[in-house]
Amino acid sequence: MPEHTTPEAAPERGAVAPASNRASTLAHEAAPRRIAVVGSTGGNLFSHGGDEPHRLLAEIFRQAEAGGFKVSAVQLVAAGASMDAVKDSTPAQLLTLRDGDGDGVGVGNIEVTVAARGTLAEVNATAAAYDAELARAVAAGEVDALVLVSAAPKGVNAATVGAAVAAGLPAAGTGGSSIAAAQALGLNLVAASGTTGSTSTTRAVSYIAGLARYFGTRYRPVLGSAEAQDATGSPWRRISVRGIMVGSLPAFIALALILAVGKIPGLDALTPVFDALIAGLPVVVAAVAARRVSGLGEVGLVAGVVAGVLSTAGGIIGGLVGGILAGALVAYLLRWTLARRFPVTTANIVAGGLSGLAAGLVVFLALAPLTNALGEGVKDAIEYLVALNPLLAGALAGLVIWPAIMGGVYHAAILPLVLLEMGEKGHSFFGAVDMVSLVMVSLGITLANVVRPRTSGERALAASGAAVNFGFGTFVEASYPFLFADKRVFAVALGSATLGGLVVGATGTEATAYLPAVVAPFVATDTVGMVLAMLVGVVVPFVAVLLINLRPRRAAEA
């Protein structure tokens, strides 16, 4: 679910390090601070660069070097599929530093080795042993900070995270549910977020920016195309509809903002801007798709833009198909031209231009009517089902959305539906349910634990989650620790989400998530209906969780 922001999670997250770290800071003033990178290729992360673990690590190394940090340890479980759907038999690898010292870390010179290969169960067993060694290094003061990449704080990373908690080390990380688990354990997270809408570069920048801010050091992100391009392997293996659609999310949010601003009296002149953005969305989707599938950076991006311009008549799905075809063609054409000793400039022109043109013409001349009809069909099907019984449709959507996000189905099915709807008309039924039944319910649960937590230590954890939910419309996983700790709270979340969805259906409201709570009503088709649904979504769980928390609090006081 929504989760692409970077909250700084600890109340003491300012520029001054805790007393337990100050001695270490002074002792190593002349040497770079040492970072341990732990985690996995993740569930949702797998669609956002997790399927290319070496490139993911390369970006962390590159940004760490720019920030004056040294990656001294790596423990990354790289699975052959998204962790949302893996089995013990899924192929996997354990990536670590070659000599465990991090020397020579830098772009193009990554000292990473595969420490173990086998099934996920076998690799996890090896990772657990490595985790114990790393925990001893943390306890011995040989690590200054952690970077959590879709880690398992209660699994193969439990020992390291536990040692970091005991030592008071700062940590930065991404991965909604894993970050929530780490916060619940008391880890000092100075930068935390989910993975939706992020890239390997933006995640790495978030990690190092948070740590640099914590230690009070200067850091200027290294951006651009310096990362090594990797066009090896079949481009078809790099196709991920989920990753492509979510990677295009910022363009859809821009569309929603223009829609909201255009409703202000006197600003109806922005209507043509909205129409232009709707028409340009297939180009964005095609560019993201081609860049991802080709693995060739700017060359693939250009091919995608060319294909996208010719695919606009096919709608969002037309742009998706055109971009995928262009990305595959550009990889093959570049290899073909270079194998025949074309100058590299000519090879780029041929690959980027001709592949985009060929893919775009396929959609323009043949597939556009089909892809446009498919997109229209998805929109019409949702509208038809809602029209049959709005109350039932809203209630069912609200009921299933929490199990969907916890089971890894949200990003694979619901979010693409939101974006398809928005690509057709700028707002979405599922987008409204998302904001009401996920974001607002999470906000209500976390707010209740700010006002009356079961234990005093939970207040700071809840406060950071509530702030992000309200201010950014994302990171609903902040309520996970409270859902998992008490089945009654989980039942409250399901019931509140169902009620909120019912109000969405009853009012016929369409909107989107990933926006601040105060902005969401203004992008909705029915502002009053959206406000009412959001109030139901936040007030019901707030009151219910307050009542649930009364008993343990009174028992503790007694």
# chains A, B, ... in the order shown; residues from 1 in each chain; ligands from 1
>>> residues_around(residues="region 179-188 of chain A", least_positions_apart="6", cutoff="8 Å", atoms="only C-alpha atoms", output="ChimeraX atom specification")
/A:9-10,150-151,153-154,161-162,164-165,168-171,173,194,458,461,477-481
>>> closest_atom_pairs(of="region 63-128 of chain A", to="region 40-52 of chain A", cutoff="12 Å", atoms="only C-alpha atoms", output="JSON lines")
{"residue": "A:Val74", "atom": "CA", "partner": "A:Ser40", "partner_atom": "CA", "distance": 10.5}
{"residue": "A:Gln75", "atom": "CA", "partner": "A:Ser40", "partner_atom": "CA", "distance": 8.1}
{"residue": "A:Leu76", "atom": "CA", "partner": "A:Ser40", "partner_atom": "CA", "distance": 4.9}
{"residue": "A:Val77", "atom": "CA", "partner": "A:Ser40", "partner_atom": "CA", "distance": 4.4}
{"residue": "A:Ala78", "atom": "CA", "partner": "A:Thr41", "partner_atom": "CA", "distance": 5.1}
{"residue": "A:Ala79", "atom": "CA", "partner": "A:Thr41", "partner_atom": "CA", "distance": 6.3}
{"residue": "A:Gly80", "atom": "CA", "partner": "A:Asp51", "partner_atom": "CA", "distance": 7.5}
{"residue": "A:Ala81", "atom": "CA", "partner": "A:Phe46", "partner_atom": "CA", "distance": 7.3}
{"residue": "A:Ser82", "atom": "CA", "partner": "A:Gly43", "partner_atom": "CA", "distance": 4.6}
{"residue": "A:Met83", "atom": "CA", "partner": "A:Gly43", "partner_atom": "CA", "distance": 4.2}
{"residue": "A:Asp84", "atom": "CA", "partner": "A:Gly43", "partner_atom": "CA", "distance": 4.7}
{"residue": "A:Ala85", "atom": "CA", "partner": "A:Gly43", "partner_atom": "CA", "distance": 7.8}
{"residue": "A:Val86", "atom": "CA", "partner": "A:Gly43", "partner_atom": "CA", "distance": 9.0}
{"residue": "A:Ala92", "atom": "CA", "partner": "A:Thr41", "partner_atom": "CA", "distance": 9.9}
{"residue": "A:Gln93", "atom": "CA", "partner": "A:Ser40", "partner_atom": "CA", "distance": 9.8}
{"residue": "A:Leu94", "atom": "CA", "partner": "A:Ser40", "partner_atom": "CA", "distance": 8.9}
{"residue": "A:Leu95", "atom": "CA", "partner": "A:Ser40", "partner_atom": "CA", "distance": 9.4}
{"residue": "A:Thr96", "atom": "CA", "partner": "A:Ser40", "partner_atom": "CA", "distance": 11.6}
{"residue": "A:Leu120", "atom": "CA", "partner": "A:Ser40", "partner_atom": "CA", "distance": 11.1}
{"residue": "A:Val123", "atom": "CA", "partner": "A:Ser40", "partner_atom": "CA", "distance": 11.3}
{"residue": "A:Asn124", "atom": "CA", "partner": "A:Ser40", "partner_atom": "CA", "distance": 10.3}
{"residue": "A:Ala127", "atom": "CA", "partner": "A:Ser40", "partner_atom": "CA", "distance": 10.4}
>>> select_by_dssp(residues="region 262-484 of chain A", states="alpha helix (DSSP H)", output="PyMOL selection string")
chain A and resi 271-294+298-310+315-339+344-349+355-362+368-388+390-406+415-425+429-433+441-451+458-472+480-484
>>> write_last_selection(atoms="C-alpha atoms", output="short mmCIF file (atom, residue, chain, number, x, y, z; two decimals), in the first residue's frame")
data_model
loop_
_atom_site.label_atom_id
_atom_site.label_comp_id
_atom_site.auth_asym_id
_atom_site.auth_seq_id
_atom_site.Cartn_x
_atom_site.Cartn_y
_atom_site.Cartn_z
CA THR A 271 -8.55 21.89 -17.71
CA PRO A 272 -6.40 21.69 -20.88
CA VAL A 273 -3.41 20.86 -18.65
CA PHE A 274 -5.37 17.95 -17.16
CA ASP A 275 -6.31 16.74 -20.65
CA ALA A 276 -2.67 16.99 -21.78
CA LEU A 277 -1.49 14.98 -18.76
CA ILE A 278 -4.10 12.27 -19.38
CA ALA A 279 -2.94 12.06 -23.00
CA GLY A 280 0.72 11.91 -21.94
CA LEU A 281 0.42 9.13 -19.35
CA PRO A 282 0.97 6.36 -21.95
CA VAL A 283 4.29 8.03 -22.84
CA VAL A 284 5.38 7.95 -19.17
CA VAL A 285 4.39 4.30 -18.79
CA ALA A 286 6.15 3.37 -22.06
CA ALA A 287 9.35 5.19 -21.03
CA VAL A 288 9.47 3.48 -17.62
CA ALA A 289 8.73 0.10 -19.21
CA ALA A 290 11.39 0.40 -21.93
CA ARG A 291 14.06 1.62 -19.53
CA ARG A 292 13.37 -1.24 -17.15
CA VAL A 293 13.09 -4.01 -19.74
CA SER A 294 16.10 -2.91 -21.79
CA GLU A 298 18.92 6.51 -21.37
CA VAL A 299 18.94 4.49 -24.60
CA GLY A 300 15.97 2.47 -23.38
CA LEU A 301 14.31 5.62 -22.08
CA VAL A 302 14.48 7.29 -25.50
CA ALA A 303 13.12 4.17 -27.18
CA GLY A 304 10.24 4.15 -24.70
CA VAL A 305 9.40 7.80 -25.32
CA VAL A 306 9.30 7.25 -29.09
CA ALA A 307 7.13 4.16 -28.65
CA GLY A 308 4.93 5.95 -26.13
CA VAL A 309 4.22 8.89 -28.42
CA LEU A 310 2.98 6.46 -31.06
CA GLY A 315 -4.24 4.27 -23.65
CA ILE A 316 -2.27 3.18 -20.61
CA ILE A 317 -2.19 -0.45 -21.69
CA GLY A 318 -1.05 0.60 -25.16
CA GLY A 319 1.84 2.54 -23.62
CA LEU A 320 2.69 -0.46 -21.45
CA VAL A 321 2.77 -2.83 -24.44
CA GLY A 322 4.71 -0.36 -26.62
CA GLY A 323 7.28 0.25 -23.89
CA ILE A 324 7.84 -3.44 -23.22
CA LEU A 325 8.30 -4.16 -26.94
CA ALA A 326 10.66 -1.19 -27.32
CA GLY A 327 12.72 -2.26 -24.30
CA ALA A 328 13.13 -5.77 -25.64
CA LEU A 329 14.00 -4.58 -29.14
CA VAL A 330 16.54 -2.01 -27.98
CA ALA A 331 18.49 -4.67 -26.07
CA TYR A 332 18.64 -6.96 -29.11
CA LEU A 333 19.40 -4.17 -31.58
CA LEU A 334 22.23 -2.76 -29.49
CA ARG A 335 23.90 -6.17 -29.24
CA TRP A 336 23.37 -6.76 -32.96
CA THR A 337 24.91 -3.43 -34.01
CA LEU A 338 27.87 -3.66 -31.65
CA ALA A 339 28.58 -7.23 -32.77
CA VAL A 344 28.79 3.17 -30.41
CA THR A 345 27.09 6.47 -31.29
CA THR A 346 25.46 4.90 -34.32
CA ALA A 347 24.58 1.79 -32.33
CA ASN A 348 22.76 3.94 -29.75
CA ILE A 349 20.89 5.83 -32.46
CA SER A 355 13.34 0.00 -31.65
CA GLY A 356 11.05 2.75 -30.34
CA LEU A 357 9.75 3.42 -33.82
CA ALA A 358 9.11 -0.26 -34.59
CA ALA A 359 7.39 -0.95 -31.27
CA GLY A 360 5.33 2.23 -31.50
CA LEU A 361 4.18 1.42 -35.03
CA VAL A 362 3.04 -2.04 -33.93
CA ALA A 368 -4.17 0.44 -30.25
CA PRO A 369 -7.88 -0.40 -30.70
CA LEU A 370 -7.46 -3.58 -28.67
CA THR A 371 -5.43 -2.05 -25.81
CA ASN A 372 -7.70 0.99 -25.64
CA ALA A 373 -10.77 -1.24 -25.48
CA LEU A 374 -9.11 -3.30 -22.73
CA GLY A 375 -8.43 -0.21 -20.63
CA GLU A 376 -11.94 1.09 -21.18
CA GLY A 377 -13.25 -2.36 -20.30
CA VAL A 378 -11.47 -2.39 -16.94
CA LYS A 379 -12.91 1.04 -16.11
CA ASP A 380 -16.41 0.09 -17.29
CA ALA A 381 -16.32 -3.22 -15.39
CA ILE A 382 -15.45 -1.47 -12.12
CA GLU A 383 -18.16 1.14 -12.69
CA TYR A 384 -20.70 -1.56 -13.54
CA LEU A 385 -19.95 -3.61 -10.43
CA VAL A 386 -20.15 -0.52 -8.24
CA ALA A 387 -23.43 0.54 -9.87
CA LEU A 388 -25.00 -2.89 -9.22
CA PRO A 390 -22.63 0.53 -4.33
CA LEU A 391 -22.89 -0.30 -0.62
CA LEU A 392 -21.87 -3.92 -1.08
CA ALA A 393 -19.07 -3.04 -3.52
CA GLY A 394 -17.60 -0.45 -1.16
CA ALA A 395 -17.91 -2.68 1.90
CA LEU A 396 -16.29 -5.66 0.16
CA ALA A 397 -13.45 -3.53 -1.21
CA GLY A 398 -12.80 -2.13 2.26
CA LEU A 399 -12.94 -5.57 3.87
CA VAL A 400 -10.43 -7.23 1.53
CA ILE A 401 -7.92 -4.40 1.22
CA TRP A 402 -6.12 -5.14 4.53
CA PRO A 403 -5.69 -8.86 3.80
CA ALA A 404 -4.60 -7.84 0.29
CA ILE A 405 -1.77 -5.61 1.47
CA MET A 406 -0.64 -8.09 4.12
CA LEU A 415 -2.71 -0.54 -7.19
CA PRO A 416 -2.51 -1.27 -10.97
CA LEU A 417 -6.33 -1.06 -11.04
CA VAL A 418 -6.14 2.32 -9.31
CA LEU A 419 -3.67 3.57 -11.89
CA LEU A 420 -5.67 2.19 -14.82
CA GLU A 421 -8.78 3.98 -13.56
CA MET A 422 -6.83 7.20 -13.05
CA GLY A 423 -5.35 6.92 -16.52
CA GLU A 424 -8.88 6.88 -17.94
CA LYS A 425 -10.49 9.67 -15.88
CA PHE A 429 -13.07 4.06 -6.87
CA PHE A 430 -10.31 1.85 -5.48
CA GLY A 431 -8.20 4.95 -4.88
CA ALA A 432 -10.90 6.32 -2.57
CA VAL A 433 -11.15 2.98 -0.75
CA VAL A 441 -7.80 3.39 9.45
CA SER A 442 -4.05 3.20 10.06
CA LEU A 443 -4.11 6.84 11.13
CA GLY A 444 -6.92 6.15 13.62
CA ILE A 445 -5.10 3.15 15.13
CA THR A 446 -1.80 5.00 15.50
CA LEU A 447 -3.46 8.14 16.88
CA ALA A 448 -5.20 6.06 19.55
CA ASN A 449 -1.83 4.68 20.59
CA VAL A 450 -0.42 8.19 20.77
CA VAL A 451 -3.21 9.35 23.08
CA GLU A 458 4.67 2.64 22.05
CA ARG A 459 3.79 6.34 21.92
CA ALA A 460 6.83 7.41 19.88
CA LEU A 461 6.36 4.46 17.51
CA ALA A 462 2.72 5.37 16.94
CA ALA A 463 3.42 9.11 16.60
CA SER A 464 5.84 8.69 13.72
CA GLY A 465 3.38 6.44 11.85
CA ALA A 466 0.44 8.79 12.45
CA ALA A 467 2.42 11.78 11.15
CA VAL A 468 3.34 10.03 7.93
CA ASN A 469 -0.16 8.67 7.33
CA PHE A 470 -1.69 12.12 7.80
CA GLY A 471 1.00 14.15 6.07
CA PHE A 472 1.74 11.90 3.09
CA TYR A 480 1.24 -3.42 11.93
CA PRO A 481 2.81 -3.72 15.41
CA PHE A 482 -0.54 -2.90 17.00
CA LEU A 483 -2.53 -5.18 14.65
CA PHE A 484 -0.26 -8.15 15.30
#
>>> select_by_dssp(residues="region 5-223 of chain A", states="strand (DSSP E or B)", output="ChimeraX atom specification")
/A:33-40,69-79,91-97,112-119,145-149,170-174,188-193
>>> residues_around(residues="Val504 (chain A)", least_positions_apart="2", cutoff="7 Å", atoms="only C-alpha atoms", output="compact mmCIF listing (two decimals) with all heavy atoms, in the first residue's frame")
# COMPACT_ATOMS: atom_id res chain seq x y z
N GLY A 394 -18.50 -1.19 -2.03
CA GLY A 394 -17.60 -0.45 -1.16
C GLY A 394 -17.21 -1.24 0.08
O GLY A 394 -16.04 -1.25 0.47
N ALA A 432 -10.18 5.80 -3.73
CA ALA A 432 -10.90 6.32 -2.57
C ALA A 432 -10.92 5.30 -1.44
O ALA A 432 -10.73 5.65 -0.27
CB ALA A 432 -12.32 6.71 -2.98
N VAL A 433 -11.16 4.03 -1.77
CA VAL A 433 -11.15 2.98 -0.75
C VAL A 433 -9.77 2.86 -0.12
O VAL A 433 -9.64 2.67 1.10
CB VAL A 433 -11.59 1.63 -1.37
CG1 VAL A 433 -11.44 0.50 -0.37
CG2 VAL A 433 -13.04 1.71 -1.86
N GLY A 500 -15.79 2.19 6.28
CA GLY A 500 -15.30 3.28 5.44
C GLY A 500 -15.57 3.02 3.97
O GLY A 500 -16.01 3.91 3.23
N GLY A 501 -15.31 1.77 3.52
CA GLY A 501 -15.60 1.41 2.14
C GLY A 501 -17.08 1.51 1.82
O GLY A 501 -17.47 1.92 0.73
N LEU A 502 -17.92 1.16 2.79
CA LEU A 502 -19.37 1.25 2.59
C LEU A 502 -19.78 2.70 2.34
O LEU A 502 -20.61 2.99 1.46
CB LEU A 502 -20.08 0.70 3.83
CG LEU A 502 -21.61 0.57 3.75
CD1 LEU A 502 -22.06 -0.64 4.54
CD2 LEU A 502 -22.29 1.82 4.30
N ALA A 506 -21.54 4.29 -0.86
CA ALA A 506 -22.82 4.98 -0.71
C ALA A 506 -22.80 6.38 -1.32
O ALA A 506 -23.80 6.84 -1.88
CB ALA A 506 -23.19 5.06 0.77
N THR A 507 -21.67 7.06 -1.21
CA THR A 507 -21.56 8.43 -1.73
C THR A 507 -21.07 8.47 -3.17
O THR A 507 -21.08 9.54 -3.79
CB THR A 507 -20.61 9.26 -0.85
OG1 THR A 507 -19.33 8.63 -0.81
CG2 THR A 507 -21.15 9.40 0.56
N GLY A 508 -20.65 7.32 -3.69
CA GLY A 508 -20.15 7.29 -5.07
C GLY A 508 -18.86 8.06 -5.27
O GLY A 508 -18.58 8.55 -6.36
N THR A 509 -18.06 8.15 -4.22
CA THR A 509 -16.83 8.95 -4.26
C THR A 509 -15.70 8.20 -4.98
O THR A 509 -15.52 7.01 -4.79
CB THR A 509 -16.38 9.29 -2.83
OG1 THR A 509 -17.43 9.99 -2.17
CG2 THR A 509 -15.13 10.15 -2.84
N MET A 530 -16.24 12.31 0.43
CA MET A 530 -14.90 11.84 0.78
C MET A 530 -14.55 12.22 2.22
O MET A 530 -13.98 11.41 2.97
CB MET A 530 -13.87 12.44 -0.19
CG MET A 530 -12.47 11.87 -0.04
SD MET A 530 -12.43 10.10 -0.43
CE MET A 530 -10.69 9.75 -0.19
N ALA A 533 -16.44 9.86 4.51
CA ALA A 533 -15.83 8.52 4.51
C ALA A 533 -14.52 8.52 5.28
O ALA A 533 -14.23 7.58 6.04
CB ALA A 533 -15.62 8.06 3.08
>>> residues_around(residues="region 216-220 of chain A", least_positions_apart="3", cutoff="7 Å", atoms="only C-alpha atoms", output="list in words")
Ala15, Ala66, Gly67, Ala209, Ala212 and Arg213 of chain A
>>> closest_residue(among="A:Val222, A:Val531, A:Ala192, A:Ala129", to="Leu148 (chain A)", atoms="only C-alpha atoms")
A:Ala192
>>> residues_around(residues="Asp486 (chain A)", least_positions_apart="6", cutoff="12 Å", atoms="only C-alpha atoms", output="list in words")
Ile445, Arg454, Ser479, Tyr480, Val492, Ala493, Val545, Ile548, Asn549 and Pro552 of chain A
>>> closest_residue(among="A:Leu255, A:Ser456, A:Arg238, A:Pro521", to="Gly295 (chain A)", atoms="only C-alpha atoms")
A:Arg238
>>> residues_around(residues="Ala159 (chain A)", least_positions_apart="5", cutoff="7 Å", atoms="only C-alpha atoms", output="VMD selection string")
chain A and resid 131 to 132 135
>>> closest_residue(among="A:Ala158, A:Ala73, A:Gly176, A:Thr119", to="Arg98 (chain A)", atoms="only C-alpha atoms")
A:Ala73
>>> closest_residue(among="A:Met440, A:Leu494, A:Ala485, A:Ala517", to="Val538 (chain A)", atoms="only C-alpha atoms")
A:Met440
>>> closest_residue(among="A:Thr525, A:Thr199, A:Thr512, A:Asn157", to="Val436 (chain A)", atoms="only C-alpha atoms")
A:Thr512
>>> atom_distance(atom1="CA of Leu259 (chain A)", atom2="CA of Val523 (chain A)")
6.1 Å
>>> atom_distance(atom1="CA of Pro541 (chain A)", atom2="CA of Ser496 (chain A)")
6.0 Å
>>> atom_distance(atom1="CA of Ser428 (chain A)", atom2="CA of Ala511 (chain A)")
5.2 Å
>>> decode(residues="region 462-483 of chain A", atoms="N, CA, C and O atoms", output="short mmCIF file (atom, residue, chain, number, x, y, z; two decimals), in the first residue's frame")
data_model
loop_
_atom_site.label_atom_id
_atom_site.label_comp_id
_atom_site.auth_asym_id
_atom_site.auth_seq_id
_atom_site.Cartn_x
_atom_site.Cartn_y
_atom_site.Cartn_z
N ALA A 462 4.00 5.03 17.54
CA ALA A 462 2.72 5.37 16.94
C ALA A 462 2.73 6.78 16.36
O ALA A 462 2.13 7.05 15.32
N ALA A 463 3.41 7.70 17.04
CA ALA A 463 3.42 9.11 16.60
C ALA A 463 4.06 9.26 15.24
O ALA A 463 3.56 10.00 14.38
N SER A 464 5.17 8.57 15.02
CA SER A 464 5.84 8.69 13.72
C SER A 464 4.96 8.14 12.61
O SER A 464 4.85 8.73 11.53
N GLY A 465 4.28 7.01 12.86
CA GLY A 465 3.38 6.44 11.85
C GLY A 465 2.19 7.33 11.58
O GLY A 465 1.79 7.50 10.42
N ALA A 466 1.60 7.91 12.63
CA ALA A 466 0.44 8.79 12.45
C ALA A 466 0.81 10.02 11.63
O ALA A 466 0.05 10.45 10.76
N ALA A 467 1.99 10.58 11.88
CA ALA A 467 2.42 11.78 11.15
C ALA A 467 2.57 11.50 9.66
O ALA A 467 2.17 12.30 8.82
N VAL A 468 3.13 10.35 9.34
CA VAL A 468 3.34 10.03 7.93
C VAL A 468 2.01 9.71 7.24
O VAL A 468 1.77 10.14 6.12
N ASN A 469 1.14 8.97 7.91
CA ASN A 469 -0.16 8.67 7.33
C ASN A 469 -0.94 9.95 7.04
O ASN A 469 -1.54 10.11 5.97
N PHE A 470 -0.94 10.88 7.98
CA PHE A 470 -1.69 12.12 7.80
C PHE A 470 -1.02 13.04 6.78
O PHE A 470 -1.67 13.63 5.93
N GLY A 471 0.29 13.17 6.89
CA GLY A 471 1.00 14.15 6.07
C GLY A 471 1.30 13.71 4.66
O GLY A 471 1.48 14.55 3.77
N PHE A 472 1.33 12.38 4.41
CA PHE A 472 1.74 11.90 3.09
C PHE A 472 0.79 10.88 2.49
O PHE A 472 0.96 10.49 1.34
N GLY A 473 -0.18 10.40 3.26
CA GLY A 473 -1.13 9.43 2.72
C GLY A 473 -0.49 8.11 2.38
O GLY A 473 -0.84 7.47 1.38
N THR A 474 0.41 7.64 3.21
CA THR A 474 1.17 6.43 2.91
C THR A 474 1.71 5.82 4.19
O THR A 474 1.51 6.34 5.28
N PHE A 475 2.40 4.65 4.05
CA PHE A 475 3.05 3.94 5.15
C PHE A 475 2.04 3.43 6.17
O PHE A 475 2.18 3.61 7.37
N VAL A 476 1.02 2.73 5.68
CA VAL A 476 0.01 2.17 6.58
C VAL A 476 0.60 1.04 7.44
O VAL A 476 0.01 0.67 8.45
N GLU A 477 1.75 0.52 7.02
CA GLU A 477 2.37 -0.55 7.80
C GLU A 477 2.78 -0.09 9.20
O GLU A 477 3.14 -0.91 10.04
N ALA A 478 2.74 1.22 9.45
CA ALA A 478 3.07 1.73 10.78
C ALA A 478 2.13 1.16 11.84
O ALA A 478 2.49 1.10 13.03
N SER A 479 0.94 0.73 11.44
CA SER A 479 -0.01 0.17 12.41
C SER A 479 0.16 -1.33 12.60
O SER A 479 -0.49 -1.93 13.46
N TYR A 480 1.04 -1.97 11.82
CA TYR A 480 1.24 -3.42 11.93
C TYR A 480 1.57 -3.89 13.35
O TYR A 480 1.01 -4.90 13.81
N PRO A 481 2.49 -3.22 14.07
CA PRO A 481 2.81 -3.72 15.41
C PRO A 481 1.59 -3.82 16.32
O PRO A 481 1.49 -4.72 17.15
N PHE A 482 0.65 -2.90 16.16
CA PHE A 482 -0.54 -2.90 17.00
C PHE A 482 -1.56 -3.95 16.51
O PHE A 482 -2.25 -4.57 17.32
N LEU A 483 -1.63 -4.16 15.20
CA LEU A 483 -2.53 -5.18 14.65
C LEU A 483 -2.08 -6.57 15.08
O LEU A 483 -2.91 -7.42 15.44
#
